[in-house]
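Here is protein_9.cif, consisting of mmCIF, C-alpha atoms:
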```cif
data_upload
loop_
_atom_site.label_atom_id
_atom_site.label_comp_id
_atom_site.auth_asym_id
_atom_site.auth_seq_id
_atom_site.Cartn_x
_atom_site.Cartn_y
_atom_site.Cartn_z
CA MET A 1 -149.68 106.72 -9.96
CA GLU A 2 -146.00 107.03 -10.77
CA THR A 3 -144.13 108.63 -13.62
CA TYR A 4 -141.79 106.43 -15.64
CA LYS A 5 -139.23 107.42 -18.24
CA LEU A 6 -139.02 104.79 -20.94
CA ARG A 7 -136.93 104.41 -24.06
CA VAL A 8 -139.07 102.91 -26.79
CA ASN A 9 -137.62 102.26 -30.24
CA GLY A 10 -134.88 104.73 -29.47
CA GLU A 11 -137.18 107.51 -28.37
CA ALA A 12 -137.58 108.85 -24.86
CA LYS A 13 -141.13 108.53 -23.53
CA GLU A 14 -142.71 109.48 -20.24
CA VAL A 15 -145.85 107.97 -18.80
CA THR A 16 -147.71 108.41 -15.55
CA VAL A 17 -149.47 105.18 -14.64
CA ASP A 18 -150.11 102.75 -11.82
CA PRO A 19 -146.84 100.88 -11.09
CA GLY A 20 -148.55 97.54 -11.64
CA THR A 21 -149.70 98.39 -15.15
CA PRO A 22 -148.36 95.80 -17.60
CA LEU A 23 -145.96 97.19 -20.17
CA LEU A 24 -148.36 96.02 -22.90
CA TRP A 25 -151.04 98.43 -21.76
CA VAL A 26 -148.57 101.28 -21.40
CA LEU A 27 -147.54 100.71 -25.00
CA ARG A 28 -151.03 100.33 -26.36
CA GLU A 29 -153.10 102.71 -24.25
CA ASP A 30 -150.68 105.39 -23.12
CA LEU A 31 -148.23 105.49 -26.02
CA LYS A 32 -150.80 104.45 -28.67
CA MET A 33 -148.44 101.87 -30.14
CA THR A 34 -150.94 99.18 -31.04
CA GLY A 35 -148.68 96.94 -33.11
CA THR A 36 -148.05 94.81 -30.02
CA LYS A 37 -151.12 92.67 -29.45
CA TYR A 38 -153.07 91.45 -26.45
CA GLY A 39 -153.67 87.73 -26.81
CA CYS A 40 -154.07 85.80 -23.58
CA GLY A 41 -152.82 88.18 -20.90
CA ILE A 42 -150.93 85.41 -19.08
CA ALA A 43 -147.79 85.06 -21.20
CA ALA A 44 -149.10 81.89 -22.76
CA CYS A 45 -149.47 82.89 -26.42
CA GLY A 46 -146.63 85.27 -27.27
CA ALA A 47 -148.71 87.87 -29.13
CA CYS A 48 -147.48 90.64 -26.80
CA THR A 49 -143.76 89.93 -27.28
CA VAL A 50 -141.42 92.92 -27.33
CA HIS A 51 -137.69 93.18 -26.76
CA LEU A 52 -136.76 94.46 -23.33
CA GLY A 53 -133.06 95.05 -22.93
CA GLY A 54 -132.58 92.83 -25.96
CA VAL A 55 -134.55 89.93 -24.51
CA ALA A 56 -137.81 88.79 -26.07
CA THR A 57 -140.29 89.57 -23.31
CA ARG A 58 -143.98 88.99 -22.76
CA SER A 59 -145.15 92.56 -22.18
CA CYS A 60 -148.52 91.48 -20.80
CA VAL A 61 -146.99 90.18 -17.56
CA VAL A 62 -144.23 92.73 -16.94
CA PRO A 63 -145.35 95.61 -14.73
CA VAL A 64 -143.96 98.90 -15.93
CA SER A 65 -142.34 99.32 -12.50
CA LEU A 66 -139.94 96.46 -13.34
CA VAL A 67 -138.84 97.80 -16.71
CA GLY A 68 -136.15 100.06 -15.27
CA ASP A 69 -133.79 101.64 -17.75
CA ARG A 70 -133.83 98.77 -20.21
CA PRO A 71 -134.56 99.87 -23.78
CA ILE A 72 -137.78 98.64 -25.34
CA VAL A 73 -138.11 97.63 -28.98
CA THR A 74 -141.54 96.90 -30.40
CA ILE A 75 -142.78 95.67 -33.76
CA GLU A 76 -142.97 99.31 -34.83
CA GLY A 77 -139.21 99.66 -34.42
CA ILE A 78 -137.85 96.23 -35.27
CA GLY A 79 -137.47 97.13 -38.96
CA GLU A 80 -134.66 99.51 -38.01
CA ASP A 81 -132.61 96.49 -36.99
CA PRO A 82 -130.82 94.55 -39.78
CA VAL A 83 -132.03 91.22 -38.41
CA GLY A 84 -135.51 92.60 -37.95
CA ARG A 85 -135.48 93.88 -41.52
CA ALA A 86 -134.38 90.50 -42.86
CA VAL A 87 -137.13 88.75 -40.93
CA GLN A 88 -139.80 91.14 -42.12
CA LYS A 89 -138.68 90.71 -45.75
CA ALA A 90 -138.77 86.94 -45.38
CA TRP A 91 -142.23 87.18 -43.83
CA VAL A 92 -143.42 89.03 -46.91
CA SER A 93 -141.68 86.80 -49.42
CA GLU A 94 -143.10 83.67 -47.81
CA ASP A 95 -146.54 85.26 -47.42
CA VAL A 96 -146.55 84.04 -43.83
CA VAL A 97 -149.44 86.04 -42.51
CA GLN A 98 -153.04 84.89 -42.53
CA CYS A 99 -155.14 86.87 -40.03
CA GLY A 100 -151.98 88.48 -38.69
CA TYR A 101 -152.95 88.91 -35.07
CA CYS A 102 -150.07 86.88 -33.62
CA GLN A 103 -147.49 87.88 -36.19
CA SER A 104 -145.91 90.85 -34.44
CA GLY A 105 -145.10 88.53 -31.55
CA GLN A 106 -143.91 85.83 -33.93
CA ILE A 107 -141.54 88.28 -35.62
CA MET A 108 -140.18 89.58 -32.32
CA SER A 109 -139.41 86.04 -31.16
CA ALA A 110 -137.90 85.10 -34.52
CA VAL A 111 -135.60 88.12 -34.40
CA ALA A 112 -134.49 87.20 -30.88
CA LEU A 113 -133.74 83.69 -32.08
CA LEU A 114 -131.72 84.82 -35.10
CA LYS A 115 -129.72 87.34 -33.09
CA SER A 116 -128.50 84.50 -30.85
CA ALA A 117 -128.48 81.71 -33.43
CA PRO A 118 -127.88 83.14 -36.93
CA LYS A 119 -128.01 79.64 -38.40
CA PRO A 120 -130.75 77.97 -36.37
CA THR A 121 -131.42 74.27 -36.54
CA GLU A 122 -134.91 72.82 -36.79
CA SER A 123 -134.65 72.14 -33.07
CA ASN A 124 -133.63 75.75 -32.35
CA ILE A 125 -136.66 77.02 -34.24
CA GLU A 126 -138.97 74.51 -32.57
CA GLU A 127 -137.81 75.44 -29.07
CA SER A 128 -137.54 79.19 -29.49
CA MET A 129 -140.86 79.62 -31.29
CA GLY A 130 -142.68 77.05 -29.16
CA GLY A 131 -144.25 79.73 -26.98
CA ASN A 132 -145.80 81.68 -29.84
CA LEU A 133 -149.21 80.40 -30.83
CA CYS A 134 -150.95 80.93 -34.16
CA ARG A 135 -154.60 79.99 -34.47
CA CYS A 136 -154.31 80.18 -38.25
CA ALA A 137 -151.57 77.54 -38.00
CA THR A 138 -149.05 79.41 -40.12
CA TYR A 139 -146.28 77.50 -38.39
CA VAL A 140 -144.90 75.90 -41.55
CA ARG A 141 -144.53 79.25 -43.28
CA ILE A 142 -143.06 80.83 -40.13
CA ARG A 143 -140.44 78.11 -40.03
CA GLU A 144 -139.55 78.60 -43.69
CA ALA A 145 -139.40 82.37 -43.33
CA ILE A 146 -136.95 82.05 -40.43
CA LYS A 147 -134.72 79.84 -42.55
CA ILE A 148 -134.86 82.27 -45.46
CA ALA A 149 -134.05 85.21 -43.20
CA ALA A 150 -131.08 83.26 -41.84
CA GLN A 151 -129.87 82.58 -45.39
CA GLN A 152 -130.22 86.22 -46.36
CA MET A 153 -128.21 87.29 -43.36
CA SER A 154 -125.33 84.86 -43.96
CA MET B 155 -144.64 72.45 9.63
CA VAL B 156 -145.45 71.34 13.17
CA CYS B 157 -142.83 68.61 13.10
CA ALA B 158 -140.26 71.03 11.74
CA ARG B 159 -140.82 73.55 14.49
CA LYS B 160 -140.75 70.91 17.23
CA ALA B 161 -137.34 69.87 16.01
CA MET B 162 -135.83 73.32 16.33
CA PRO B 163 -134.90 73.28 20.03
CA ARG B 164 -132.88 70.17 19.34
CA ILE B 165 -131.14 71.92 16.49
CA PHE B 166 -130.23 74.88 18.63
CA LEU B 167 -128.85 72.51 21.25
CA VAL B 168 -126.72 70.94 18.59
CA VAL B 169 -125.46 74.33 17.50
CA LEU B 170 -124.28 74.93 21.06
CA ILE B 171 -122.59 71.54 21.19
CA ALA B 172 -121.04 72.09 17.80
CA CYS B 173 -119.68 75.47 18.88
CA ALA B 174 -118.21 73.92 22.00
CA ILE B 175 -116.40 71.16 20.14
CA GLY B 176 -115.93 73.02 16.89
CA PRO B 177 -112.15 73.36 17.01
CA ALA B 178 -111.80 69.59 17.20
CA MET B 179 -113.89 69.03 14.09
CA PRO B 180 -112.56 68.76 10.56
CA PRO B 181 -113.20 71.75 8.30
CA ARG B 182 -115.53 69.70 6.15
CA ALA B 183 -116.51 66.11 5.68
CA TRP B 184 -119.30 64.09 4.10
CA GLY B 185 -119.95 62.18 7.29
CA GLN B 186 -116.59 60.56 6.96
CA SER B 187 -113.06 61.85 7.05
CA ALA B 188 -110.53 61.27 4.29
CA SER B 189 -109.39 58.17 6.14
CA GLY B 190 -112.86 56.73 5.89
CA LYS B 191 -113.54 56.95 9.60
CA ASP B 192 -116.42 58.96 11.02
CA ALA B 193 -115.33 62.56 11.25
CA ALA B 194 -117.90 63.68 13.82
CA THR B 195 -118.71 62.25 17.19
CA PRO B 196 -121.82 60.02 17.13
CA ALA B 197 -123.89 62.63 18.93
CA THR B 198 -122.91 65.36 16.54
CA ARG B 199 -123.44 63.13 13.55
CA ASP B 200 -126.92 62.19 14.76
CA ALA B 201 -127.77 65.83 15.29
CA GLY B 202 -126.33 66.64 11.89
CA LEU B 203 -128.46 63.97 10.27
CA ALA B 204 -131.54 65.32 12.04
CA ALA B 205 -130.70 68.80 10.81
CA TRP B 206 -130.19 67.44 7.31
CA GLN B 207 -133.73 66.08 7.32
CA GLN B 208 -134.93 69.59 8.06
CA VAL B 209 -132.85 70.94 5.21
CA TYR B 210 -134.16 68.17 2.93
CA SER B 211 -137.75 69.10 3.79
CA VAL B 212 -137.08 72.56 2.35
CA LEU B 213 -135.06 71.47 -0.66
CA THR B 214 -137.84 69.17 -1.78
CA HIS B 215 -140.62 71.71 -1.36
CA PRO B 216 -142.08 72.79 -4.72
CA ARG B 217 -140.65 76.31 -4.33
CA CYS B 218 -137.20 74.73 -4.52
CA VAL B 219 -137.49 71.42 -6.32
CA ASN B 220 -139.52 72.79 -9.24
CA CYS B 221 -136.30 74.19 -10.65
CA HIS B 222 -134.12 71.20 -9.71
CA THR B 223 -135.52 68.88 -12.35
CA ALA B 224 -133.79 66.06 -14.19
CA THR B 225 -135.58 66.93 -17.41
CA ASN B 226 -135.28 69.66 -20.01
CA TYR B 227 -138.10 71.68 -18.47
CA PRO B 228 -138.93 73.36 -15.16
CA GLN B 229 -142.07 72.72 -13.17
CA GLN B 230 -144.77 74.99 -11.74
CA GLY B 231 -147.16 74.99 -8.84
CA ASP B 232 -147.53 72.87 -5.75
CA ASP B 233 -148.53 69.94 -7.97
CA ARG B 234 -145.21 70.37 -9.77
CA HIS B 235 -146.72 70.20 -13.24
CA ARG B 236 -144.59 70.80 -16.29
CA HIS B 237 -144.02 74.49 -16.95
CA LEU B 238 -146.55 75.87 -19.41
CA VAL B 239 -145.79 77.44 -22.75
CA ASN B 240 -143.32 74.82 -23.96
CA VAL B 241 -140.54 76.27 -21.86
CA VAL B 242 -137.31 74.28 -22.17
CA ARG B 243 -134.10 74.25 -20.15
CA GLY B 244 -131.74 75.44 -22.88
CA PRO B 245 -127.96 75.08 -22.93
CA GLY B 246 -127.34 77.50 -20.05
CA ASP B 247 -130.33 76.49 -17.88
CA LYS B 248 -132.02 79.82 -18.74
CA GLY B 249 -134.26 78.79 -21.61
CA VAL B 250 -133.58 79.48 -25.27
CA PRO B 251 -133.43 82.69 -27.34
CA GLY B 252 -136.95 84.01 -27.72
CA LEU B 253 -138.13 81.93 -24.80
CA ASN B 254 -135.72 82.60 -21.96
CA CYS B 255 -136.65 82.50 -18.31
CA ALA B 256 -136.40 86.30 -18.50
CA THR B 257 -139.05 86.35 -21.20
CA CYS B 258 -141.50 86.36 -18.29
CA HIS B 259 -139.56 86.27 -15.00
CA GLN B 260 -138.16 89.64 -14.03
CA SER B 261 -135.81 90.62 -11.22
CA ALA B 262 -138.62 90.64 -8.63
CA ASN B 263 -142.08 89.20 -8.18
CA ALA B 264 -144.60 90.88 -10.45
CA GLU B 265 -147.41 91.15 -7.95
CA SER B 266 -149.88 92.77 -10.35
CA THR B 267 -149.60 89.96 -12.88
CA GLY B 268 -148.72 87.05 -10.61
CA VAL B 269 -145.46 86.07 -12.28
CA PRO B 270 -142.73 85.17 -9.79
CA GLY B 271 -139.34 86.73 -10.23
CA GLY B 272 -135.89 87.17 -8.78
CA PRO B 273 -132.41 88.11 -9.95
CA ASN B 274 -130.98 85.84 -12.62
CA TRP B 275 -133.97 83.50 -12.71
CA HIS B 276 -132.82 80.11 -13.99
CA LEU B 277 -132.98 76.38 -13.52
CA ALA B 278 -130.50 74.59 -11.33
CA PRO B 279 -127.95 72.71 -13.44
CA LEU B 280 -128.64 69.05 -14.19
CA SER B 281 -125.82 68.11 -11.81
CA MET B 282 -128.04 69.47 -9.04
CA LYS B 283 -131.13 67.53 -10.08
CA TRP B 284 -133.17 66.45 -7.11
CA GLN B 285 -135.67 64.49 -9.15
CA ASP B 286 -135.42 61.52 -11.44
CA PRO B 287 -136.34 61.68 -15.13
CA GLN B 288 -139.91 60.69 -14.21
CA ASP B 289 -140.18 63.78 -11.97
CA ARG B 290 -140.04 61.72 -8.75
CA ILE B 291 -138.17 63.44 -5.95
CA LEU B 292 -134.93 61.72 -5.00
CA SER B 293 -134.45 60.24 -1.56
CA SER B 294 -132.89 62.10 1.31
CA ALA B 295 -129.64 60.17 0.90
CA GLN B 296 -129.51 60.80 -2.84
CA VAL B 297 -130.10 64.54 -2.54
CA CYS B 298 -127.56 64.78 0.27
CA GLN B 299 -124.92 62.92 -1.72
CA SER B 300 -125.56 65.11 -4.73
CA LEU B 301 -125.51 68.34 -2.75
CA THR B 302 -122.22 67.48 -1.07
CA ASP B 303 -120.45 66.22 -4.18
CA ARG B 304 -118.06 68.99 -5.09
CA ALA B 305 -117.84 67.66 -8.61
CA LYS B 306 -121.53 68.46 -8.96
CA ASN B 307 -122.12 71.46 -6.73
CA HIS B 308 -119.77 74.05 -8.25
CA ASN B 309 -117.06 72.92 -5.83
CA LEU B 310 -118.82 74.20 -2.73
CA ASP B 311 -117.58 72.98 0.63
CA GLY B 312 -119.84 73.03 3.66
CA ALA B 313 -119.24 76.72 4.27
CA GLY B 314 -120.01 77.38 0.64
CA ILE B 315 -123.30 75.50 0.85
CA LEU B 316 -124.21 77.44 3.99
CA LYS B 317 -123.42 80.73 2.27
CA HIS B 318 -125.52 79.64 -0.72
CA HIS B 319 -128.47 78.92 1.54
CA GLU B 320 -127.98 82.17 3.40
CA GLU B 321 -127.51 84.55 0.49
CA GLU B 322 -128.38 83.18 -2.95
CA PRO B 323 -131.20 85.40 -4.25
CA LEU B 324 -133.22 82.53 -5.70
CA VAL B 325 -132.96 80.63 -2.41
CA LEU B 326 -134.23 83.74 -0.65
CA TRP B 327 -137.04 83.99 -3.21
CA ALA B 328 -138.37 80.60 -2.10
CA PHE B 329 -139.24 82.13 1.25
CA GLN B 330 -140.88 85.19 -0.30
CA PRO B 331 -142.47 83.74 -3.42
CA GLY B 332 -145.22 86.31 -3.75
CA HIS B 333 -148.75 85.81 -4.97
CA ARG B 334 -150.42 84.02 -7.81
CA ARG B 335 -152.40 85.85 -10.43
CA ASP B 336 -155.60 85.29 -8.45
CA GLY B 337 -154.07 87.03 -5.43
CA THR B 338 -153.57 83.92 -3.30
CA ALA B 339 -150.19 83.47 -1.69
CA ARG B 340 -147.81 80.81 -2.98
CA SER B 341 -147.12 78.12 -0.41
CA LEU B 342 -143.96 78.40 1.64
CA PRO B 343 -141.30 75.83 2.52
CA PRO B 344 -141.82 74.11 5.90
CA LEU B 345 -139.13 76.19 7.64
CA THR B 346 -138.57 79.91 7.75
CA HIS B 347 -135.38 81.10 6.11
CA ASP B 348 -133.76 81.65 9.51
CA GLU B 349 -134.68 78.10 10.54
CA PHE B 350 -133.40 76.76 7.23
CA VAL B 351 -130.05 78.50 7.66
CA ALA B 352 -129.79 77.31 11.29
CA ALA B 353 -130.46 73.72 10.22
CA THR B 354 -127.94 74.01 7.42
CA ARG B 355 -125.36 75.41 9.84
CA THR B 356 -125.91 72.52 12.25
CA TRP B 357 -125.58 70.01 9.44
CA VAL B 358 -122.42 71.68 8.11
CA GLU B 359 -120.85 71.89 11.56
CA ALA B 360 -121.56 68.18 11.98
CA GLY B 361 -119.54 67.53 8.84
CA THR B 362 -122.45 67.40 6.33
CA PRO B 363 -123.33 63.78 7.14
CA CYS B 364 -125.63 62.00 4.70
CA PRO B 365 -128.11 59.22 5.46
CA LYS B 366 -126.74 55.83 4.50
CA ASN B 367 -129.92 54.34 3.12
CA PRO B 368 -130.91 55.31 -0.43
#
```

Output the structure of this file as structure tokens.
Amino acid sequence: METYKLRVNGEAKEVTVDPGTPLLWVLREDLKMTGTKYGCGIAACGACTVHLGGVATRSCVVPVSLVGDRPIVTIEGIGEDPVGRAVQKAWVSEDVVQCGYCQSGQIMSAVALLKSAPKPTESNIEESMGGNLCRCATYVRIREAIKIAAQQMS
Amino acid sequence: MVCARKAMPRIFLVVLIACAIGPAMPPRAWGQSASGKDAATPATRDAGLAAWQQVYSVLTHPRCVNCHTATNYPQQGDDRHRHLVNVVRGPGDKGVPGLNCATCHQSANAESTGVPGGPNWHLAPLSMKWQDPQDRILSSAQVCQSLTDRAKNHNLDGAGILKHHEEEPLVLWAFQPGHRRDGTARSLPPLTHDEFVAATRTWVEAGTPCPKNP
């Protein structure tokens, strides 16, 4: 077991865990932040996406030992960010969510996209969101919500 | 592997020869001097070509060639299948926002989760593609010509290529690729890193000759 000092949503946290523990389980089990979801456990679905040092990251495959001093932002904190706020509003206005399980990951990826490409093309959306799966197939509404968020930001 | 190791004594012999005649050799050449005549002596050129084949055997191993694609996606595994999760190359060869290489690949191998990693994980640029658009590996001559074309290789001369093979973190990763999720070790290139560097040095000292046949 090792002790790690993390910065999550702007707050300092300290956890003592096995170095190989995926960040996802540190967030969910040790810090009790359950907004980030476990989907596949192999980085194939995107449900566990958080921002690590500003990069959308699959927390299920990143051992806490490799986090370092990079700040972590989760779905619980993304609303503090202007882009995150715009995306969440668009998600509500477009009534994107069905079962909701994948949506925290979808939002985290969408925010990462819009931070780099404030006016994304269809191709940008297709490529950037291509790793986030939704078994309810809310893809059409996700796409529209991203466009609306982009419009609101411009 | 066996063939590669049998070839090593010959390579070391060539290193000795190259050191002995080094001052008479041009600083760099692609098998030919600027005048179009052979830059190296026949013996050195032959040894250089033999060393190149050793280098080629490494460059075309899945640990290397999987990220030297001609397409808009990387490959995975020893069967070189298309990378899962709809990963695409992106404008800077590092994926796209929301789905970068760094979305999964960290600065080191993640042994507990089986995801490989190294500093600045990224695809090789398209100018350094060692496959065709149908994912077939290019010939020895084609890879050699590409690797030694300074318009394609970030303007590296022979010494620069040698340094790249010696020190580039992602090259070093190929020789310490870690374990898969199931705990089995990823396969290694047919040479050790030391052998790879020695073969590259022999090839460079011979003037980076390339095979003539495609």

Which residues of chain B are close to chain A, meaning at most 9 Å apart when you count only C-alpha atoms, and how do they look as a list in words?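 Result, ordered by chain then number: Leu238, Val239, Asn240, Val241, Val242, Gly244, Gly249, Val250, Pro251, Gly252, Leu253, Asn254, Ala256, Thr257, Cys258, His259, Gln260, Ser261, Ala262, Ala264, Glu265, Ser266, Thr267, Gly268, Val269 and Arg335 of chain B.
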
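For the pair CA of Val73 (chain A) and CA of Gln103 (chain A), the separation is 15.3 Å.
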
Residues near Gln151 (chain A), cut-off 10 Å, all atoms listed in the file, skip fewer than 6 positions along chain, as a VMD selection string: chain A and resid 86 90 118 to 119 145

Would you translate the PyMOL selection byres ((chain B and resi 278) around 7) into the concrete set of residues it matches in this file, as a list in words?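 Taken on the displayed file, the PyMOL selection byres ((chain B and resi 278) around 7) yields the residues Cys221, His222, Asp247, His276, Leu277, Pro279, Leu280 and Met282 of chain B.
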
What gap, in Å, lies between CA of Asp95 (chain A) and CA of Val8 (chain A)?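 Value for the CA of Asp95 (chain A)-CA of Val8 (chain A) distance: 28.2 Å.
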
Extract, using all atoms listed in the file, all DNA, RNA and protein residues at most 9 Å from Thr3 (chain A), discarding same-chain residues fewer than 2 positions from it, and format them as a tab-separated table (two decimals) with C-alpha atoms, keeping the file's coordinate frame.
```
chain	number	residue	atom	x	y	z
A	1	MET	CA	-149.68	106.72	-9.96
A	5	LYS	CA	-139.23	107.42	-18.24
A	14	GLU	CA	-142.71	109.48	-20.24
A	15	VAL	CA	-145.85	107.97	-18.80
A	16	THR	CA	-147.71	108.41	-15.55
A	17	VAL	CA	-149.47	105.18	-14.64
A	18	ASP	CA	-150.11	102.75	-11.82
A	19	PRO	CA	-146.84	100.88	-11.09
```
